[in-house]
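Have a look at coords22.cif below; it lists mmCIF, C-alpha atoms and all ligand atoms.
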```cif
data_target
loop_
_atom_site.label_atom_id
_atom_site.label_comp_id
_atom_site.auth_asym_id
_atom_site.auth_seq_id
_atom_site.Cartn_x
_atom_site.Cartn_y
_atom_site.Cartn_z
CA MET J 29 -23.91 12.23 1.80
CA SER J 30 -22.58 11.66 5.32
CA LEU J 31 -20.39 14.57 6.47
CA LEU J 32 -18.68 12.62 9.21
CA THR J 33 -15.09 13.65 9.88
CA LEU J 34 -12.29 11.16 10.52
CA PRO J 35 -12.33 11.59 14.34
CA GLN J 36 -16.12 11.10 14.42
CA TYR J 37 -15.88 7.99 12.24
CA LEU J 38 -13.11 6.51 14.40
CA VAL J 39 -15.01 7.17 17.65
CA GLU J 40 -18.13 5.55 16.17
CA GLN J 41 -16.11 2.51 15.08
CA GLY J 42 -14.48 2.35 18.51
CA ARG J 43 -17.90 2.18 20.14
CA ARG J 44 -18.81 -0.80 17.95
CA HIS J 45 -15.52 -2.72 17.98
CA ALA J 46 -13.41 -3.08 21.11
CA ASP J 47 -10.22 -3.73 19.09
CA ILE J 48 -10.46 -0.21 17.67
CA THR J 49 -8.84 1.23 20.80
CA PRO J 50 -8.25 4.90 21.69
CA ASP J 51 -4.53 4.35 20.94
CA LEU J 52 -5.35 2.98 17.47
CA ARG J 53 -7.72 5.89 16.83
CA LEU J 54 -5.00 8.37 17.88
CA LEU J 55 -2.52 6.61 15.60
CA ILE J 56 -4.77 6.81 12.54
CA GLU J 57 -5.59 10.48 13.20
CA THR J 58 -1.89 11.27 13.64
CA VAL J 59 -0.95 9.53 10.39
CA ALA J 60 -3.72 11.46 8.61
CA SER J 61 -2.51 14.72 10.12
CA ALA J 62 1.06 14.00 8.96
CA CYS J 63 -0.29 13.30 5.47
CA THR J 64 -2.03 16.69 5.51
CA SER J 65 1.43 18.23 5.95
CA ILE J 66 2.87 16.03 3.20
CA SER J 67 0.00 16.99 0.89
CA HIS J 68 0.79 20.65 1.47
CA LYS J 69 4.46 20.16 0.54
CA VAL J 70 3.62 18.01 -2.50
CA SER J 71 1.20 20.63 -3.82
CA LYS J 72 3.80 23.40 -3.45
CA GLY J 73 6.25 21.63 -5.80
CA ALA J 74 8.81 23.98 -7.29
CA LEU J 75 7.44 26.88 -5.22
CA ALA J 76 8.91 25.31 -2.12
CA ASP J 77 12.06 23.75 -3.55
CA VAL J 78 10.85 20.22 -2.74
CA LEU J 79 11.39 18.69 -6.18
CA GLY J 80 14.44 16.84 -7.44
CA SER J 81 16.72 14.18 -6.00
CA LEU J 82 19.28 14.04 -3.24
CA GLU J 83 22.78 12.60 -3.50
CA THR J 84 21.73 9.74 -1.18
CA GLU J 85 20.29 6.25 -1.81
CA ASN J 86 17.85 4.35 0.41
CA VAL J 87 18.20 0.77 1.58
CA GLN J 88 16.63 -0.32 -1.71
CA GLY J 89 19.54 1.27 -3.59
CA GLU J 90 17.15 3.85 -5.05
CA VAL J 91 18.16 7.51 -5.37
CA GLN J 92 16.10 9.42 -2.81
CA LYS J 93 13.89 12.31 -3.86
CA LYS J 94 13.82 15.33 -1.55
CA LEU J 95 10.13 14.68 -0.88
CA ASP J 96 10.82 11.01 0.02
CA VAL J 97 12.99 12.12 2.92
CA MET J 98 10.71 15.01 3.91
CA ALA J 99 7.66 12.74 4.00
CA ASN J 100 9.57 10.16 6.02
CA ASP J 101 10.72 12.76 8.55
CA ILE J 102 7.20 14.21 8.86
CA LEU J 103 5.74 10.76 9.63
CA LEU J 104 8.46 9.94 12.18
CA ALA J 105 8.16 13.26 14.02
CA ALA J 106 4.34 13.14 14.07
CA ASN J 107 4.13 9.58 15.40
CA GLU J 108 6.97 9.12 17.88
CA TRP J 109 5.55 11.14 20.84
CA GLY J 110 1.95 9.89 21.06
CA GLY J 111 2.45 6.76 23.19
CA ALA J 112 0.64 4.38 20.81
CA LEU J 113 3.71 2.94 19.11
CA ARG J 114 6.51 0.54 19.99
CA ALA J 115 8.42 1.26 16.78
CA MET J 116 8.15 2.29 13.14
CA ALA J 117 9.58 0.94 9.87
CA SER J 118 9.83 2.67 6.52
CA GLU J 119 10.95 2.03 2.96
CA GLU J 120 13.40 4.91 3.49
CA MET J 121 15.14 3.47 6.58
CA ASP J 122 17.50 0.47 6.81
CA THR J 123 15.99 -0.77 10.06
CA PHE J 124 13.19 0.11 12.47
CA HIS J 125 12.91 3.46 14.24
CA ALA J 126 12.58 2.93 18.00
CA ILE J 127 10.48 5.34 20.04
CA PRO J 128 12.84 7.79 21.85
CA ALA J 129 13.20 7.10 25.59
CA ALA J 130 11.62 10.52 26.28
CA TYR J 131 8.25 9.20 25.12
CA PRO J 132 6.03 6.33 26.36
CA GLN J 133 5.82 3.19 24.22
CA GLY J 134 2.62 1.53 23.08
CA ASP J 135 1.73 -1.82 21.53
CA TYR J 136 1.31 -0.82 17.89
CA LEU J 137 3.84 -1.05 15.06
CA LEU J 138 3.56 1.39 12.15
CA LEU J 139 5.08 0.63 8.75
CA PHE J 140 4.96 2.95 5.77
CA ASP J 141 6.13 3.87 2.32
CA PRO J 142 6.21 7.61 2.96
CA LEU J 143 5.97 8.63 -0.67
CA ASP J 144 5.13 5.88 -3.15
CA GLY J 145 5.57 6.62 -6.83
CA SER J 146 8.54 8.93 -6.37
CA SER J 147 9.46 8.67 -10.04
CA ASN J 148 6.26 10.65 -10.70
CA ILE J 149 6.99 13.55 -8.32
CA ASP J 150 8.90 15.70 -10.80
CA VAL J 151 6.37 15.11 -13.58
CA ASN J 152 3.35 16.15 -11.47
CA VAL J 153 1.57 12.78 -11.51
CA SER J 154 -0.33 11.44 -8.48
CA ILE J 155 1.77 9.91 -5.69
CA GLY J 156 0.88 8.68 -2.24
CA THR J 157 1.66 7.49 1.28
CA ILE J 158 0.95 3.84 2.16
CA PHE J 159 0.74 2.64 5.78
CA SER J 160 0.19 -0.59 7.68
CA VAL J 161 -0.49 -1.17 11.40
CA LEU J 162 0.40 -4.33 13.34
CA LYS J 163 0.25 -5.14 17.05
CA THR J 164 3.35 -6.26 18.92
CA PRO J 165 2.95 -9.97 19.74
CA GLU J 166 2.17 -10.48 23.45
CA SER J 167 5.24 -12.72 23.76
CA HIS J 168 7.53 -9.89 22.58
CA ARG J 169 6.24 -7.05 24.73
CA ASN J 170 8.75 -7.47 27.54
CA ASN J 171 11.69 -7.88 25.16
CA PRO J 172 13.76 -5.08 23.60
CA VAL J 173 12.33 -3.86 20.29
CA SER J 174 13.61 -5.84 17.32
CA GLU J 175 12.78 -6.48 13.67
CA ALA J 176 11.28 -9.78 14.81
CA ASP J 177 8.33 -7.79 16.23
CA PHE J 178 7.40 -6.82 12.66
CA MET J 179 7.72 -10.31 11.16
CA GLN J 180 4.00 -11.04 11.00
CA PRO J 181 1.84 -12.07 8.02
CA GLY J 182 -0.34 -9.34 6.55
CA ALA J 183 -3.45 -11.16 7.77
CA LEU J 184 -2.58 -9.86 11.26
CA GLN J 185 -2.74 -6.18 10.29
CA VAL J 186 -5.21 -4.22 12.45
CA ALA J 187 -5.40 -1.28 10.03
CA ALA J 188 -4.08 -0.23 6.66
CA GLY J 189 -4.54 2.61 4.23
CA TYR J 190 -3.09 5.09 1.84
CA VAL J 191 -3.34 8.78 1.06
CA ILE J 192 -3.30 9.70 -2.62
CA TYR J 193 -2.02 13.18 -3.46
CA GLY J 194 -3.92 13.79 -6.68
CA PRO J 195 -6.48 16.34 -7.87
CA GLN J 196 -8.03 15.60 -4.49
CA THR J 197 -6.12 14.42 -1.43
CA THR J 198 -7.94 11.27 -0.34
CA LEU J 199 -7.39 8.86 2.57
CA VAL J 200 -8.57 5.29 1.94
CA LEU J 201 -8.71 3.24 5.14
CA THR J 202 -9.65 -0.14 6.54
CA LEU J 203 -9.83 -1.12 10.21
CA GLY J 204 -10.94 -4.60 9.25
CA GLN J 205 -14.58 -3.51 8.98
CA GLY J 206 -14.73 -2.70 5.27
CA VAL J 207 -13.15 0.17 3.29
CA VAL J 208 -13.97 3.87 3.54
CA ALA J 209 -12.58 7.06 1.98
CA PHE J 210 -12.08 10.57 3.35
CA THR J 211 -11.42 13.65 1.24
CA LEU J 212 -9.23 16.39 2.70
CA ASP J 213 -11.11 19.69 2.89
CA LYS J 214 -8.15 22.02 2.37
CA ASP J 215 -10.22 25.00 3.54
CA THR J 216 -10.84 23.56 7.01
CA GLY J 217 -8.14 20.87 7.27
CA ALA J 218 -10.83 18.25 8.03
CA TRP J 219 -10.81 14.73 6.55
CA VAL J 220 -14.47 14.29 5.48
CA LEU J 221 -16.04 10.85 4.93
CA THR J 222 -16.94 10.79 1.23
CA ARG J 223 -17.24 7.04 0.47
CA GLU J 224 -18.40 4.12 2.63
CA GLY J 225 -18.70 0.40 1.95
CA ILE J 226 -16.25 0.52 -0.97
CA THR J 227 -16.42 -2.72 -3.00
CA ILE J 228 -14.64 -3.87 -6.16
CA PRO J 229 -16.61 -5.35 -9.10
CA GLU J 230 -15.75 -9.06 -9.30
CA ASP J 231 -15.16 -8.84 -13.06
CA THR J 232 -13.20 -6.34 -15.12
CA ALA J 233 -11.98 -5.53 -18.62
CA GLU J 234 -9.06 -3.35 -17.53
CA PHE J 235 -5.55 -4.56 -16.70
CA SER J 236 -2.63 -2.64 -15.26
CA ILE J 237 0.95 -3.79 -15.86
CA ASN J 238 4.26 -2.38 -17.11
CA MET J 239 4.31 -3.92 -20.61
CA SER J 240 8.00 -3.11 -21.14
CA ASN J 241 8.84 -6.08 -18.91
CA MET J 242 6.95 -8.57 -21.10
CA ARG J 243 9.98 -10.55 -22.28
CA HIS J 244 10.89 -11.26 -18.63
CA TRP J 245 7.50 -12.50 -17.44
CA GLU J 246 6.84 -16.06 -16.35
CA ALA J 247 4.49 -18.14 -18.52
CA PRO J 248 1.23 -17.67 -16.49
CA VAL J 249 1.49 -13.86 -16.71
CA ARG J 250 2.36 -13.95 -20.40
CA ARG J 251 -0.58 -16.29 -21.06
CA TYR J 252 -3.04 -14.00 -19.29
CA ILE J 253 -1.86 -10.76 -20.93
CA ASP J 254 -1.85 -12.42 -24.36
CA GLU J 255 -5.49 -13.40 -23.75
CA CYS J 256 -6.35 -9.81 -22.76
CA LEU J 257 -4.66 -8.46 -25.91
CA ALA J 258 -6.55 -10.98 -28.07
CA GLY J 259 -9.79 -9.30 -26.98
CA THR J 260 -12.99 -10.64 -28.55
CA THR J 261 -10.93 -12.85 -30.87
CA GLY J 262 -9.46 -14.75 -27.88
CA SER J 263 -10.61 -17.08 -25.13
CA LEU J 264 -11.73 -14.26 -22.79
CA GLY J 265 -14.19 -13.08 -25.42
CA LYS J 266 -13.99 -9.38 -24.55
CA ASN J 267 -11.79 -6.40 -25.32
CA TYR J 268 -9.60 -5.03 -22.55
CA ASN J 269 -8.37 -1.55 -21.74
CA MET J 270 -4.93 -0.93 -20.18
CA ARG J 271 -3.75 1.62 -17.60
CA TRP J 272 -0.27 2.01 -16.00
CA ILE J 273 0.33 5.11 -13.88
CA ALA J 274 3.49 3.74 -12.25
CA SER J 275 2.27 4.91 -8.85
CA MET J 276 0.87 1.87 -7.06
CA VAL J 277 -1.34 4.14 -4.94
CA ALA J 278 -2.95 5.67 -8.06
CA ASP J 279 -3.40 2.32 -9.83
CA VAL J 280 -4.91 0.71 -6.73
CA HIS J 281 -7.15 3.74 -6.16
CA ARG J 282 -8.54 3.31 -9.67
CA ILE J 283 -9.24 -0.35 -8.94
CA LEU J 284 -11.02 0.51 -5.67
CA THR J 285 -13.05 3.03 -7.66
CA ARG J 286 -14.03 1.05 -10.79
CA GLY J 287 -12.41 -2.40 -10.61
CA GLY J 288 -9.49 -3.83 -12.58
CA ILE J 289 -6.45 -6.01 -12.10
CA PHE J 290 -3.05 -4.61 -11.05
CA MET J 291 0.03 -6.70 -11.74
CA TYR J 292 3.64 -6.23 -10.78
CA PRO J 293 4.64 -9.90 -11.02
CA ARG J 294 8.01 -11.34 -10.14
CA ASP J 295 9.92 -12.06 -13.34
CA GLN J 296 12.93 -13.94 -14.61
CA ARG J 297 15.45 -11.15 -14.08
CA GLU J 298 17.73 -11.77 -11.12
CA SER J 299 16.88 -8.27 -9.85
CA SER J 300 13.15 -8.98 -9.69
CA ARG J 301 13.01 -12.75 -9.19
CA GLN J 302 11.05 -12.05 -5.99
CA GLY J 303 9.23 -9.04 -7.48
CA LYS J 304 9.77 -5.30 -7.25
CA LEU J 305 7.20 -4.20 -4.67
CA ARG J 306 7.81 -4.53 -0.94
CA LEU J 307 5.71 -6.93 1.08
CA MET J 308 5.51 -5.19 4.46
CA TYR J 309 4.56 -1.63 3.53
CA GLU J 310 3.21 -1.86 -0.03
CA ALA J 311 1.76 -5.30 -0.85
CA ASN J 312 0.35 -6.13 2.61
CA PRO J 313 -1.57 -2.87 3.24
CA MET J 314 -2.89 -2.78 -0.32
CA SER J 315 -3.89 -6.46 -0.15
CA PHE J 316 -5.74 -5.85 3.14
CA LEU J 317 -7.72 -3.02 1.50
CA ILE J 318 -8.42 -5.05 -1.65
CA GLU J 319 -9.69 -8.09 0.31
CA GLN J 320 -11.79 -5.89 2.59
CA ALA J 321 -13.37 -4.47 -0.59
CA GLY J 322 -14.20 -7.98 -1.88
CA GLY J 323 -11.20 -8.37 -4.16
CA MET J 324 -8.30 -10.85 -4.18
CA ALA J 325 -4.51 -10.45 -3.83
CA VAL J 326 -1.87 -13.09 -4.60
CA ASP J 327 1.84 -13.22 -5.38
CA GLY J 328 1.08 -15.79 -8.08
CA GLU J 329 0.54 -19.03 -6.17
CA ARG J 330 0.00 -17.63 -2.62
CA ARG J 331 -2.46 -15.29 -0.91
CA ILE J 332 -0.26 -12.28 -0.09
CA LEU J 333 -1.73 -11.85 3.41
CA ASP J 334 -0.64 -15.41 4.29
CA ILE J 335 3.04 -14.87 3.46
CA GLU J 336 5.28 -15.23 6.52
CA PRO J 337 7.80 -12.37 6.18
CA THR J 338 11.53 -12.89 6.66
CA GLY J 339 12.71 -9.29 6.36
CA LEU J 340 11.44 -5.71 6.61
CA HIS J 341 12.27 -4.94 2.97
CA GLN J 342 11.55 -8.22 1.27
CA ARG J 343 9.99 -7.99 -2.16
CA VAL J 344 7.05 -9.90 -3.57
CA GLY J 345 5.12 -10.34 -6.79
CA VAL J 346 1.74 -8.60 -6.70
CA ILE J 347 -1.44 -9.52 -8.60
CA LEU J 348 -4.53 -7.90 -7.08
CA GLY J 349 -7.96 -6.50 -7.85
CA SER J 350 -11.25 -7.86 -9.21
CA LYS J 351 -11.76 -11.27 -7.68
CA ASN J 352 -12.68 -13.34 -10.74
CA GLU J 353 -9.84 -11.89 -12.82
CA VAL J 354 -7.20 -12.45 -10.12
CA GLN J 355 -8.61 -15.95 -9.57
CA ARG J 356 -7.96 -16.70 -13.25
CA VAL J 357 -4.30 -15.61 -13.09
CA HIS J 358 -3.89 -17.43 -9.76
CA GLY J 359 -5.19 -20.58 -11.46
CA TYR J 360 -2.68 -20.22 -14.31
CA HIS J 361 0.12 -20.06 -11.73
CA LEU J 362 -1.14 -23.16 -9.91
CA ASP J 363 -1.38 -25.04 -13.22
CA SER J 364 2.15 -23.98 -14.21
CA PRO J 365 5.20 -26.20 -13.54
CA LYS J 366 6.94 -25.24 -10.26
CA ARG J 367 9.73 -22.70 -10.75
P1 LIG J 401 7.96 0.79 -12.88
C1 LIG J 401 6.87 3.28 -7.74
O1 LIG J 401 8.27 3.44 -7.85
C2 LIG J 401 6.59 1.79 -7.53
O2 LIG J 401 7.22 1.34 -6.38
C3 LIG J 401 5.09 1.56 -7.49
O3 LIG J 401 4.40 2.63 -6.92
C4 LIG J 401 4.73 1.37 -8.95
O4 LIG J 401 3.60 0.54 -9.14
C5 LIG J 401 5.98 0.73 -9.53
O5 LIG J 401 7.07 1.07 -8.65
C6 LIG J 401 6.31 1.26 -10.91
O6 LIG J 401 7.42 0.53 -11.37
O7 LIG J 401 8.97 -0.35 -13.06
O8 LIG J 401 6.80 0.69 -13.81
O9 LIG J 401 8.58 2.17 -12.85
#
```

Same coordinates, now as structure tokens:
Amino acid sequence: MSLLTLPQYLVEQGRRHADITPDLRLLIETVASACTSISHKVSKGALADVLGSLETENVQGEVQKKLDVMANDILLAANEWGGALRAMASEEMDTFHAIPAAYPQGDYLLLFDPLDGSSNIDVNVSIGTIFSVLKTPESHRNNPVSEADFMQPGALQVAAGYVIYGPQTTLVLTLGQGVVAFTLDKDTGAWVLTREGITIPEDTAEFSINMSNMRHWEAPVRRYIDECLAGTTGSLGKNYNMRWIASMVADVHRILTRGGIFMYPRDQRESSRQGKLRLMYEANPMSFLIEQAGGMAVDGERRILDIEPTGLHQRVGVILGSKNEVQRVHGYHLDSPKR
């Protein structure tokens, strides 16, 4: 097995691809280093008084966990001085975080969900950090920083990844040249390349959805799940297994490891008519990884990476994973009467 470390991998990729610049390499290493600190705090749990909630809510109206805010602060502090970034955006902040005047600005934009799966923190189930990297449009570079700089479809991401804080702490990354994984060696602090050329099986017999929302689903989703539940007695002719960890990072990591289909569809409730998950720092980075691994990612009718965003915190339906399975659900949406 290759024992390349993250810096070595990034330098090698930079030698092969001019768009993997020294600034982008520094950015990825800095995000990984911040996630090493987050991993340390997560693993301490009650020993370090990092569990539980605060009295505050984030822009999503969600009660913030202590670790949500800690992870957010760690990522901001680690990334604002390096000179690679023009600004940052986070699930935990109402608007973008400009780079302080004391530091040089760069061309990259970093977006992140600092700690995805917060509801699992206090019950010791895997959680993670999700990040996405865009480049500031040339036409914006001489203007003051604004949210408009971030309003780019996910297809324009130059890098994306997540770190899952589970039995192992693992970074899964794409720079647009396929998907690789690094495992954190907690003895040395090194991120060691442990998987290369990650691909998703095109077929699966495992679906991932929160079944308690069934009565709210639109017809195409209900049709597909009913077919899965019918097993060998139904039109799909095979029995399905179900998994729902309620940490997107953990569910997506399983799919990148053994295939499957993950679904958090929009539904008919007013509160989730556009979906629950956020486009810019959850759906887009995960969709980039899934497509780079040979999978497919749609909101129902549309390829997620083609969606033109209108806001930093906009929500979207998410159906992603094994290509042939997602293609089926996508087809059901296209065949369904327009909403
Ligand atoms: P539910 C975690 O809060 C999250 O944003 C995703 O990580 C996860 O897939 C989803 O929400 C879980 O939502 O409604 O099942 O609790």

Got a sec to check which residues lie within 10 Å of ligand LIG 401 (chain J), using all atoms listed in the file, and send them as a PyMOL selection string? chain J and resi 90+141+143-148+155-158+236-241+272-280+290-292+304-306+310+346

Point (-7.7, -7.9, -20.9) neighbourhood (12 Å, only C-alpha atoms) written as an MDAnalysis selection string: chainID J and resid 231:237 249:271 288:290 353:354 356:357

Region 204-221 of chain J: axis-aligned bounding box, 4 Å on each side, centre and edge lengths in Å, one decimal, as AutoDock Vina command-line options:
```
--center_x -12.1 --center_y 10.2 --center_z 5.2 --size_x 15.9 --size_y 37.6 --size_z 16.0
```

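With all atoms listed in the file as the basis for measurement, J:Leu203 is the residue among J:Ala176, J:Leu203, J:Ile228, J:Ala130 that approaches His45 (chain J) most closely.
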
Write out as a ChimeraX atom specification the residues lying within 9 Å of Gly134 (chain J), counting all atoms listed in the file and excluding same-chain residues fewer than 6 positions away. /J:51,110-115,164

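Atom pair CA of Cys63 (chain J) / CA of Ala321 (chain J) has a distance of 22.9 Å (rounded to one decimal).
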
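With CA of Val207 (chain J) on one side and CA of Ala325 (chain J) on the other, the separation reads 15.4 Å.
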
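Picture a line from CA of Leu317 (chain J) to CA of Leu201 (chain J); it runs 7.3 Å.
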
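The nearest approach to Glu85 (chain J) among the residues J:Ile318, J:Asp122, J:Met98, J:Pro50, with only C-alpha atoms taken into account, belongs to J:Asp122.
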
Using only C-alpha atoms, which residues sit within 12 Å of Leu79 (chain J) once same-chain residues fewer than 2 positions away are excluded, as a list in words? Lys69, Val70, Ser71, Lys72, Gly73, Ala74, Leu75, Ala76, Asp77, Ser81, Leu82, Gln92, Lys93, Lys94, Leu95, Asp96, Val97, Met98, Ser146, Ser147, Asn148, Ile149, Asp150, Val151 and Asn152 of chain J

Out of J:Phe316, J:Leu54, J:Ala60, J:Pro293, which residue has the shortest atom-to-atom distance to Val191 (chain J) when counting only C-alpha atoms? J:Ala60

Could you list, as JSON, numbers by chain, every residue within 9 Å of region 178-182 of chain J, counting all atoms listed in the file and ignoring same-chain residues fewer than 2 positions away? {"J": [117, 137, 139, 160, 162, 163, 164, 165, 174, 175, 176, 184, 185, 307, 308, 311, 312, 313, 315, 316, 332, 333, 334, 335, 336, 337, 338, 339, 340]}

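Nearest residue to His244 (chain J) among J:Leu199, J:Met121, J:Gln296, J:Leu52 is J:Gln296, counting all atoms listed in the file.
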
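Among the candidate residues J:Pro172, J:Gly204, J:Gly345, J:Gly225, the one lying nearest to Arg301 (chain J) is J:Gly345, with distances computed using all atoms listed in the file.
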
Reconstruct region 303-320 of chain J at the level of N, CA and C atoms, and format the result as a short mmCIF file (atom, residue, chain, number, x, y, z; two decimals), in the frame of the given file.
```cif
data_model
loop_
_atom_site.label_atom_id
_atom_site.label_comp_id
_atom_site.auth_asym_id
_atom_site.auth_seq_id
_atom_site.Cartn_x
_atom_site.Cartn_y
_atom_site.Cartn_z
N GLY J 303 10.16 -10.16 -7.27
CA GLY J 303 9.23 -9.04 -7.48
C GLY J 303 9.90 -7.72 -7.20
N LYS J 304 9.22 -6.64 -7.50
CA LYS J 304 9.77 -5.30 -7.25
C LYS J 304 9.18 -4.68 -5.99
N LEU J 305 7.89 -4.89 -5.76
CA LEU J 305 7.20 -4.20 -4.67
C LEU J 305 7.51 -4.86 -3.33
N ARG J 306 7.44 -4.05 -2.26
CA ARG J 306 7.81 -4.53 -0.94
C ARG J 306 6.59 -5.09 -0.21
N LEU J 307 6.80 -6.22 0.41
CA LEU J 307 5.71 -6.93 1.08
C LEU J 307 5.14 -6.14 2.24
N MET J 308 5.99 -5.66 3.15
CA MET J 308 5.51 -5.19 4.46
C MET J 308 4.77 -3.88 4.41
N TYR J 309 5.17 -2.96 3.50
CA TYR J 309 4.56 -1.63 3.53
C TYR J 309 4.00 -1.19 2.17
N GLU J 310 3.94 -2.12 1.22
CA GLU J 310 3.21 -1.86 -0.03
C GLU J 310 2.19 -2.97 -0.26
N ALA J 311 2.67 -4.20 -0.48
CA ALA J 311 1.76 -5.30 -0.85
C ALA J 311 0.78 -5.63 0.27
N ASN J 312 1.26 -5.74 1.52
CA ASN J 312 0.35 -6.13 2.61
C ASN J 312 -0.77 -5.11 2.85
N PRO J 313 -0.45 -3.81 3.01
CA PRO J 313 -1.57 -2.87 3.24
C PRO J 313 -2.54 -2.81 2.07
N MET J 314 -2.00 -2.83 0.84
CA MET J 314 -2.89 -2.78 -0.32
C MET J 314 -3.73 -4.06 -0.43
N SER J 315 -3.14 -5.19 -0.10
CA SER J 315 -3.89 -6.46 -0.15
C SER J 315 -5.00 -6.49 0.90
N PHE J 316 -4.72 -5.91 2.07
CA PHE J 316 -5.74 -5.85 3.14
C PHE J 316 -6.94 -5.03 2.63
N LEU J 317 -6.65 -3.87 2.04
CA LEU J 317 -7.72 -3.02 1.50
C LEU J 317 -8.50 -3.75 0.40
N ILE J 318 -7.77 -4.38 -0.51
CA ILE J 318 -8.42 -5.05 -1.65
C ILE J 318 -9.32 -6.18 -1.16
N GLU J 319 -8.85 -6.99 -0.21
CA GLU J 319 -9.69 -8.09 0.31
C GLU J 319 -10.88 -7.53 1.07
N GLN J 320 -10.68 -6.48 1.85
CA GLN J 320 -11.79 -5.89 2.59
C GLN J 320 -12.85 -5.32 1.64
#
```
